[in-house]
Amino acid sequence: MTYRIRPLLLGEAEVPNILDVFWSLSTDRERSSVPILGFLIPDAADGPIVIDCGMCDPKRAMEIHRLGPHTCSADQTLAAQLAQHGVEPAEVKTLILTHLHYDHAGGCAQLPNARILVQRSELMAAAAPMGPAALAIGGKSLFYDRADIAELVDPLWERVELIEGDIALYPGLQCVLYPNTHTPGHQCIYVQTEIGTAAIVGDIARKVDLNIEQAIPPGIYYDLESMRRALADIARRSDRILPTHDWNTLSAATIG
Ligand SMILES: [Zn+2]
């Protein structure tokens with residue numbers, strides 16, 4: 001069984017380049033525009049799958065997380081991006097969230113018929129984030145948007161399915177938990193495709209060249225050893241690695 005994958009460009013954000021690099025140990029003080037991506041798997045057995053769904057509101061993202069300008073043009077909404085592939089939001093049966101940061105979990109309500117799959121440990125961590133109260137970037141909620149998390153707890157709760165650990169969701173489509181990496185309950189989605197195993201890695205890797213090929217962990221992680229093991233495991237298992245915020249992913253994720 002192999003699947004097709006399509007990238008969904010759900011907005012853009014201007015963020016510090018030091019986010020890409022271990023402990024922010026970089027002399028690069030510039031900011032870059034990065035994509036905010038989701039992914040569509042159009043042909044799963046019981047209907048289309050979406051993986052990550054972008055942010056709820058670019059203005060809110062800037063106010064709360066203070067990372068720099070965020071934009072989402074009319075052709076970058078979840079509905080508009082799905083329409084490019086002939087899929088209506090109501091047709092999506094499964095939404096898988098790599099993690100619950102504002103730029104990955106802000107669009108859940110826009111898929112009215114999708115079950116929402118997230119790791120239990122991620123929802124628990126998102127409800128009570130572990131950061132200090134006064135960070136200049138990330139705010140008090142450490143990139144989790146309280147409104148998104150509240151929505152998952154209620155009114156979307158009936159559609160939430162909590163995963164605990166690794167599961168084979170469908171033949172050839174697997175969710176793998178990498179605890180205490182970019183977030184406490186971050187998962188990667190491994191998808192069998194015609195070019196081999198594609199890894200939808202969320203933000204565990206931000207740039208394939210830096211974080212995978214040069215093995216430099218990115219700047220945001222909870223436990224360094226867990227992060228290093230995760231990056232090595234992803235590199236070992238995957239034929240193509242698809243980070244959320246790497247422009248190269250836009251072409252690399254059109255598979256099949
Ligand atoms: Zn992100």
# chains A, B, ... in the order shown; residues from 1 in each chain; ligands from 1
call {"tool": "residues_near_ligand", "arguments": {"ligand": "ligand 1", "cutoff": "7 Å", "atoms": "only C-alpha atoms and all ligand atoms", "output": "list in words"}}
result
Ile36, His101, Asp103, His104, Gly202, Asp203, Thr244 and His245 of chain A
call {"tool": "select_by_dssp", "arguments": {"residues": "range 40-218 of chain A", "states": "strand (DSSP E)", "output": "number ranges by chain"}}
result
A: 40-41, 49-51, 70-71, 94-96, 115-119, 160-163, 167-170, 173-179, 185-193, 196-200
call {"tool": "atom_distance", "arguments": {"atom1": "CA of Asp145 in chain A", "atom2": "CA of Leu95 in chain A"}}
result
18.1 Å
call {"tool": "residues_around", "arguments": {"residues": "Asn180 in chain A", "least_positions_apart": "5", "cutoff": "7 Å", "atoms": "only C-alpha atoms", "output": "PyMOL selection string"}}
result
chain A and resi 185+221-223+226
call {"tool": "write_last_selection", "arguments": {"atoms": "C-alpha atoms", "output": "tab-separated table (two decimals), in the first residue's frame"}}
result
chain	number	residue	atom	x	y	z
A	185	GLY	CA	4.23	14.74	23.08
A	221	TYR	CA	13.62	21.03	22.49
A	222	TYR	CA	12.78	19.69	25.95
A	223	ASP	CA	15.49	17.00	26.32
A	226	SER	CA	15.67	12.56	23.22
call {"tool": "closest_atom_pairs", "arguments": {"of": "range 29-133 of chain A", "to": "range 174-178 of chain A", "cutoff": "10 Å", "atoms": "only C-alpha atoms", "output": "Markdown table"}}
result
| residue | atom | partner | partner_atom | distance |
| --- | --- | --- | --- | --- |
| A:Ile96 | CA | A:Cys175 | CA | 8.8 |
| A:Leu97 | CA | A:Cys175 | CA | 9.9 |
| A:Thr98 | CA | A:Cys175 | CA | 8.8 |
| A:Leu117 | CA | A:Cys175 | CA | 9.7 |
| A:Val118 | CA | A:Cys175 | CA | 9.6 |
| A:Gln119 | CA | A:Leu177 | CA | 7.6 |
| A:Ser121 | CA | A:Leu177 | CA | 9.6 |
| A:Glu122 | CA | A:Leu177 | CA | 9.8 |
call {"tool": "write_last_selection", "arguments": {"atoms": "N, CA, C and O atoms", "output": "CSV table (one decimal), in the first residue's frame"}}
result
chain,number,residue,atom,x,y,z
A,96,ILE,N,-4.6,14.5,11.7
A,96,ILE,CA,-3.5,14.1,12.6
A,96,ILE,C,-2.7,15.3,13.0
A,96,ILE,O,-2.3,16.1,12.1
A,97,LEU,N,-2.4,15.6,14.3
A,97,LEU,CA,-1.6,16.7,14.7
A,97,LEU,C,-0.3,16.2,15.2
A,97,LEU,O,-0.2,15.4,16.1
A,98,THR,N,0.8,16.7,14.5
A,98,THR,CA,2.1,16.4,15.0
A,98,THR,C,2.3,16.9,16.4
A,98,THR,O,2.9,16.2,17.3
A,117,LEU,N,-6.6,13.4,15.8
A,117,LEU,CA,-5.7,12.5,16.5
A,117,LEU,C,-4.5,13.2,17.0
A,117,LEU,O,-3.8,13.9,16.3
A,118,VAL,N,-4.3,13.1,18.3
A,118,VAL,CA,-3.1,13.8,19.0
A,118,VAL,C,-2.7,12.9,20.1
A,118,VAL,O,-3.4,12.1,20.6
A,119,GLN,N,-1.4,13.0,20.4
A,119,GLN,CA,-0.9,12.2,21.6
A,119,GLN,C,-1.4,12.8,22.9
A,119,GLN,O,-1.5,14.0,23.1
A,121,SER,N,-0.1,12.8,25.8
A,121,SER,CA,0.9,13.6,26.5
A,121,SER,C,1.1,15.0,26.0
A,121,SER,O,1.4,15.9,26.7
A,122,GLU,N,0.8,15.2,24.7
A,122,GLU,CA,0.9,16.5,24.1
A,122,GLU,C,-0.3,17.4,24.5
A,122,GLU,O,-0.1,18.5,24.9
call {"tool": "select_by_dssp", "arguments": {"residues": "range 17-242 of chain A", "states": "alpha helix (DSSP H)", "output": "ChimeraX atom specification"}}
result
/A:58-65,78-83,120-127,146-153,224-237
call {"tool": "closest_residue", "arguments": {"among": "A:Ile200, A:Ala235, A:Ile167, A:Ile149", "to": "Leu40 in chain A", "atoms": "only C-alpha atoms"}}
result
A:Ile200
call {"tool": "closest_residue", "arguments": {"among": "A:Ala80, A:Ala125, A:Val21, A:Cys188", "to": "Asp52 in chain A", "atoms": "only C-alpha atoms"}}
result
A:Cys188
call {"tool": "atom_distance", "arguments": {"atom1": "CA of Ile255 in chain A", "atom2": "CA of Ile5 in chain A"}}
result
5.1 Å
call {"tool": "residues_around", "arguments": {"residues": "Ala126 in chain A", "least_positions_apart": "4", "cutoff": "12 Å", "atoms": "only C-alpha atoms", "output": "NGL selection string"}}
result
:A and (99-102 or 105 or 118-122 or 130-131 or 140-150 or 152-153 or 183-186)
call {"tool": "write_last_selection", "arguments": {"atoms": "C-alpha atoms", "output": "PDB file, in the first residue's frame"}}
result
ATOM      1  CA  HIS A  99       1.905  18.664  18.034  1.00  0.00           C
ATOM      2  CA  LEU A 100      -0.328  21.432  19.349  1.00  0.00           C
ATOM      3  CA  HIS A 101       1.646  24.621  18.724  1.00  0.00           C
ATOM      4  CA  TYR A 102      -0.457  27.512  17.362  1.00  0.00           C
ATOM      5  CA  ALA A 105      -3.325  23.085  15.510  1.00  0.00           C
ATOM      6  CA  VAL A 118      -3.146  13.765  18.956  1.00  0.00           C
ATOM      7  CA  GLN A 119      -0.874  12.218  21.563  1.00  0.00           C
ATOM      8  CA  ARG A 120      -2.374  12.306  25.066  1.00  0.00           C
ATOM      9  CA  SER A 121       0.920  13.572  26.527  1.00  0.00           C
ATOM     10  CA  GLU A 122       0.872  16.484  24.068  1.00  0.00           C
ATOM     11  CA  MET A 130       6.109  24.187  31.401  1.00  0.00           C
ATOM     12  CA  GLY A 131       7.710  27.498  30.466  1.00  0.00           C
ATOM     13  CA  LYS A 140       3.602  32.501  28.880  1.00  0.00           C
ATOM     14  CA  SER A 141       1.997  29.674  26.911  1.00  0.00           C
ATOM     15  CA  LEU A 142       5.190  28.705  25.036  1.00  0.00           C
ATOM     16  CA  PHE A 143       3.720  28.618  21.512  1.00  0.00           C
ATOM     17  CA  TYR A 144       0.523  26.854  22.577  1.00  0.00           C
ATOM     18  CA  ASP A 145      -2.533  29.030  21.916  1.00  0.00           C
ATOM     19  CA  ARG A 146      -4.861  28.728  24.911  1.00  0.00           C
ATOM     20  CA  ALA A 147      -7.878  29.232  22.627  1.00  0.00           C
ATOM     21  CA  ASP A 148      -6.897  26.312  20.348  1.00  0.00           C
ATOM     22  CA  ILE A 149      -6.343  24.004  23.313  1.00  0.00           C
ATOM     23  CA  ALA A 150      -9.615  25.088  24.954  1.00  0.00           C
ATOM     24  CA  LEU A 152     -10.022  20.783  21.647  1.00  0.00           C
ATOM     25  CA  VAL A 153     -11.080  20.183  25.236  1.00  0.00           C
ATOM     26  CA  THR A 183       7.374  19.384  22.478  1.00  0.00           C
ATOM     27  CA  PRO A 184       6.576  16.848  25.232  1.00  0.00           C
ATOM     28  CA  GLY A 185       4.229  14.740  23.075  1.00  0.00           C
ATOM     29  CA  HIS A 186       5.421  15.367  19.514  1.00  0.00           C
TER      30      HIS A 186
END
call {"tool": "residues_around", "arguments": {"residues": "Ala79 in chain A", "least_positions_apart": "6", "cutoff": "8 Å", "atoms": "only C-alpha atoms", "output": "number ranges by chain"}}
result
A: 88-89, 110
call {"tool": "residues_around", "arguments": {"residues": "Leu156 in chain A", "least_positions_apart": "5", "cutoff": "9 Å", "atoms": "only C-alpha atoms", "output": "list in words"}}
result
Cys108, Ala109, Ile116, Ala150 and Glu151 of chain A
call {"tool": "residues_around", "arguments": {"residues": "Thr249 in chain A", "least_positions_apart": "3", "cutoff": "10 Å", "atoms": "only C-alpha atoms", "output": "list in words"}}
result
Pro7, Pro35, Leu37, Ile200, Lys207, Val208, Arg240, Ile241, Leu242, Pro243, Thr244, His245, Asp246, Ala252, Ala253 and Thr254 of chain A
call {"tool": "write_last_selection", "arguments": {"atoms": "C-alpha atoms", "output": "PDB file, in the first residue's frame"}}
result
ATOM      1  CA  PRO A   7       1.696  19.940   0.705  1.00  0.00           C
ATOM      2  CA  PRO A  35       6.202  28.489   5.315  1.00  0.00           C
ATOM      3  CA  LEU A  37       2.655  23.807   5.986  1.00  0.00           C
ATOM      4  CA  ILE A 200       6.183  14.208   8.179  1.00  0.00           C
ATOM      5  CA  LYS A 207      15.825  22.268   8.080  1.00  0.00           C
ATOM      6  CA  VAL A 208      16.935  18.990   6.494  1.00  0.00           C
ATOM      7  CA  ARG A 240      12.303  11.715   2.349  1.00  0.00           C
ATOM      8  CA  ILE A 241      12.014  14.059   5.336  1.00  0.00           C
ATOM      9  CA  LEU A 242       9.368  16.783   5.325  1.00  0.00           C
ATOM     10  CA  PRO A 243       9.759  19.518   7.980  1.00  0.00           C
ATOM     11  CA  THR A 244       6.913  22.017   8.393  1.00  0.00           C
ATOM     12  CA  HIS A 245       8.936  25.191   8.033  1.00  0.00           C
ATOM     13  CA  ASP A 246      11.394  24.390   5.249  1.00  0.00           C
ATOM     14  CA  ALA A 252       9.555  17.592  -1.811  1.00  0.00           C
ATOM     15  CA  ALA A 253       6.093  16.780  -0.434  1.00  0.00           C
ATOM     16  CA  THR A 254       4.391  16.336  -3.780  1.00  0.00           C
TER      17      THR A 254
END
call {"tool": "closest_residue", "arguments": {"among": "A:Trp23, A:Ser32, A:Arg115, A:Trp157", "to": "Trp247 in chain A", "atoms": "only C-alpha atoms"}}
result
A:Ser32
